[in-house]
Amino acid sequence: MTNTGEASAQFAGETPFDVGERRAWAGRAAAYAAGFGRLCAYTVPRLLDAAGVTEGSRVLDAGTGTGAAAAAACARGARVTAVDAEPDMVRAAATAAPEAAVRLAALPQLPFADESFDAVVGNFVLNHVGRPRAALAELRRVTRPGGRIALTIWAAPPAPGQALLGRAVQAAGVPRPPDIPTLAPEDDFPRTEPGLAELLRTAGRLAGVVCSAVSWDHRTTPEEWWHGPASGVATIGRVVTSQGPAATERIRRHFHDLAVEFAAPDGQLVLPHTALLASGRVAG
């Protein structure tokens, strides 16, 4: 079942950061799926394992994007509900995971009763919410006692492959536009193993919290890796396209120069990435 809602929908409790995120992702599901989506899918099997997703589990995939985690959970025989704040992503996820109930909704206020799910997963969703602590508390609310929550975020500082596009922007002398909001300092947290673990223990009040780094080499082509930001995908895409075609072309040239250090003999790029995976149990 799919409920895409309206592209202009407003969500309760949203911050300027949330509004900026929705603007950055609006209508870009296809461009995301063709590049960054493949990257983000790498952590899905471990994420589902950490949440204890098995056949018959009632699972919530929060911030589903184009539905990679939702589809993988359905393949395990789970009963899956998936939500995203962007209508284009909701449509893409419904196609990728036709057995899931996909709907438009956003953290930190979800349209579900307390203790609705056995397991909750969020693949990089905390990177895209303006109030991470409130988001964690909400995920805990909808998880039954004894259920598990598992989340991934990008580590900071970023791994070399993740930093490539930002280096190209810096080399081209293109600043971050002032209208792209940043997370409020009081809402931020350290993007480290101890920092994410502490967030789950305090805001999520989870027991048995574990957190570890997941590192891998993402193989892609220069053309594929450039297509996402050149199409305006994510915050990096908004920066890349912020000053018009000439500045975008300048960034592209620097990107291709810098990408040489990651080039494999077959012409593909081998980009090292590191994410953090944390999970915990809702105490009974």
# chains A, B, ... in the order shown; residues from 1 in each chain; ligands from 1

$ residues_around --residues "Pro222 in chain A" --least-positions-apart "2" --cutoff "8 Å" --atoms "only C-alpha atoms" --output "PDB file with N, CA, C and O atoms, in the first residue's frame"
ATOM      1  N   THR A 220      33.001   2.517  -8.391  1.00  0.00           N
ATOM      2  CA  THR A 220      32.094   3.273  -9.240  1.00  0.00           C
ATOM      3  C   THR A 220      32.897   3.821 -10.413  1.00  0.00           C
ATOM      4  O   THR A 220      34.097   3.571 -10.528  1.00  0.00           O
ATOM      5  N   GLU A 224      29.565   8.144 -13.042  1.00  0.00           N
ATOM      6  CA  GLU A 224      28.488   7.860 -12.100  1.00  0.00           C
ATOM      7  C   GLU A 224      28.633   8.701 -10.840  1.00  0.00           C
ATOM      8  O   GLU A 224      27.648   9.237 -10.327  1.00  0.00           O
ATOM      9  N   TRP A 225      29.859   8.818 -10.349  1.00  0.00           N
ATOM     10  CA  TRP A 225      30.063   9.541  -9.091  1.00  0.00           C
ATOM     11  C   TRP A 225      29.825  11.035  -9.251  1.00  0.00           C
ATOM     12  O   TRP A 225      29.382  11.709  -8.320  1.00  0.00           O
ATOM     13  N   TRP A 226      30.067  11.551 -10.432  1.00  0.00           N
ATOM     14  CA  TRP A 226      29.836  12.966 -10.686  1.00  0.00           C
ATOM     15  C   TRP A 226      28.367  13.259 -10.969  1.00  0.00           C
ATOM     16  O   TRP A 226      27.883  14.351 -10.668  1.00  0.00           O
ATOM     17  N   HIS A 256      37.784  15.518 -11.531  1.00  0.00           N
ATOM     18  CA  HIS A 256      38.470  14.542 -12.378  1.00  0.00           C
ATOM     19  C   HIS A 256      39.970  14.530 -12.100  1.00  0.00           C
ATOM     20  O   HIS A 256      40.591  13.448 -12.129  1.00  0.00           O
ATOM     21  N   ALA A 259      40.342  12.708  -8.726  1.00  0.00           N
ATOM     22  CA  ALA A 259      39.889  11.320  -8.766  1.00  0.00           C
ATOM     23  C   ALA A 259      40.974  10.375  -9.257  1.00  0.00           C
ATOM     24  O   ALA A 259      40.884   9.157  -9.021  1.00  0.00           O
ATOM     25  N   GLN A 268      37.811   2.346 -13.224  1.00  0.00           N
ATOM     26  CA  GLN A 268      36.859   2.630 -12.167  1.00  0.00           C
ATOM     27  C   GLN A 268      37.532   3.343 -11.008  1.00  0.00           C
ATOM     28  O   GLN A 268      38.764   3.329 -10.879  1.00  0.00           O
ATOM     29  N   LEU A 269      36.712   3.961 -10.176  1.00  0.00           N
ATOM     30  CA  LEU A 269      37.208   4.561  -8.945  1.00  0.00           C
ATOM     31  C   LEU A 269      37.003   3.583  -7.801  1.00  0.00           C
ATOM     32  O   LEU A 269      35.980   2.901  -7.728  1.00  0.00           O
TER      33      LEU A 269
END

$ select_by_dssp --residues "range 6-252 of chain A" --states "strand (DSSP E)" --output "VMD selection string"
chain A and resid 58 to 62 79 to 84 101 to 104 117 to 123 143 to 154 206 to 220

$ write_last_selection --atoms "C-alpha atoms" --output "PDB file, in the first residue's frame"
ATOM      1  CA  ARG A  58       7.285  -6.230  12.293  1.00  0.00           C
ATOM      2  CA  VAL A  59       9.890  -3.810  10.921  1.00  0.00           C
ATOM      3  CA  LEU A  60       9.968  -0.057  10.457  1.00  0.00           C
ATOM      4  CA  ASP A  61      12.451   1.365   7.948  1.00  0.00           C
ATOM      5  CA  ALA A  62      12.714   5.044   8.898  1.00  0.00           C
ATOM      6  CA  ARG A  79       6.347  -7.429   7.646  1.00  0.00           C
ATOM      7  CA  VAL A  80       7.721  -4.057   6.634  1.00  0.00           C
ATOM      8  CA  THR A  81       6.530  -0.502   7.010  1.00  0.00           C
ATOM      9  CA  ALA A  82       8.716   2.203   5.471  1.00  0.00           C
ATOM     10  CA  VAL A  83       8.547   5.992   5.695  1.00  0.00           C
ATOM     11  CA  ASP A  84      10.321   8.907   4.080  1.00  0.00           C
ATOM     12  CA  ALA A 101       3.564  -0.466   3.392  1.00  0.00           C
ATOM     13  CA  VAL A 102       5.300   2.733   2.292  1.00  0.00           C
ATOM     14  CA  ARG A 103       4.075   6.144   3.346  1.00  0.00           C
ATOM     15  CA  LEU A 104       5.043   9.781   3.657  1.00  0.00           C
ATOM     16  CA  PHE A 117       7.336  -2.694  15.776  1.00  0.00           C
ATOM     17  CA  ASP A 118       9.676  -5.516  16.736  1.00  0.00           C
ATOM     18  CA  ALA A 119      12.619  -3.857  14.997  1.00  0.00           C
ATOM     19  CA  VAL A 120      13.412  -0.387  13.678  1.00  0.00           C
ATOM     20  CA  VAL A 121      16.175   0.429  11.216  1.00  0.00           C
ATOM     21  CA  GLY A 122      17.430   3.729   9.868  1.00  0.00           C
ATOM     22  CA  ASN A 123      20.098   3.606   7.189  1.00  0.00           C
ATOM     23  CA  THR A 143       9.505  -0.119  19.253  1.00  0.00           C
ATOM     24  CA  ARG A 144       8.154  -2.807  21.579  1.00  0.00           C
ATOM     25  CA  PRO A 145       9.982  -3.714  24.804  1.00  0.00           C
ATOM     26  CA  GLY A 146      12.704  -6.177  23.899  1.00  0.00           C
ATOM     27  CA  GLY A 147      12.766  -4.926  20.306  1.00  0.00           C
ATOM     28  CA  ARG A 148      15.916  -3.636  18.676  1.00  0.00           C
ATOM     29  CA  ILE A 149      16.866  -0.386  16.958  1.00  0.00           C
ATOM     30  CA  ALA A 150      19.791  -0.225  14.526  1.00  0.00           C
ATOM     31  CA  LEU A 151      21.136   2.886  12.823  1.00  0.00           C
ATOM     32  CA  THR A 152      23.966   3.930  10.545  1.00  0.00           C
ATOM     33  CA  ILE A 153      25.590   7.328  10.079  1.00  0.00           C
ATOM     34  CA  TRP A 154      28.637   8.552   8.198  1.00  0.00           C
ATOM     35  CA  LEU A 206      18.540   1.738  24.890  1.00  0.00           C
ATOM     36  CA  ALA A 207      20.212  -1.161  26.649  1.00  0.00           C
ATOM     37  CA  GLY A 208      23.078  -3.290  25.407  1.00  0.00           C
ATOM     38  CA  VAL A 209      24.264  -0.635  22.964  1.00  0.00           C
ATOM     39  CA  VAL A 210      27.067  -1.618  20.599  1.00  0.00           C
ATOM     40  CA  CYS A 211      28.678   0.535  17.935  1.00  0.00           C
ATOM     41  CA  SER A 212      31.367  -0.253  15.397  1.00  0.00           C
ATOM     42  CA  ALA A 213      32.888   1.161  12.245  1.00  0.00           C
ATOM     43  CA  VAL A 214      32.074  -0.406   8.892  1.00  0.00           C
ATOM     44  CA  SER A 215      34.664   0.332   6.203  1.00  0.00           C
ATOM     45  CA  TRP A 216      34.591  -0.652   2.552  1.00  0.00           C
ATOM     46  CA  ASP A 217      35.835   0.351  -0.878  1.00  0.00           C
ATOM     47  CA  HIS A 218      33.027   1.560  -3.103  1.00  0.00           C
ATOM     48  CA  ARG A 219      33.640   0.866  -6.781  1.00  0.00           C
ATOM     49  CA  THR A 220      32.094   3.273  -9.240  1.00  0.00           C
TER      50      THR A 220
END

$ closest_residue --among "A:Thr241, A:Ala230, A:Leu48, A:Ile180" --to "Ala278 in chain A" --atoms "only C-alpha atoms"
A:Leu48

$ atom_distance --atom1 "CA of Val125 in chain A" --atom2 "CA of Gly63 in chain A"
5.3 Å

$ residues_around --residues "Pro45 in chain A" --least-positions-apart "6" --cutoff "12 Å" --atoms "only C-alpha atoms" --output "MDAnalysis selection string"
chainID A and resid 51:54 68:73 75:76 121 123 150 152 214 277
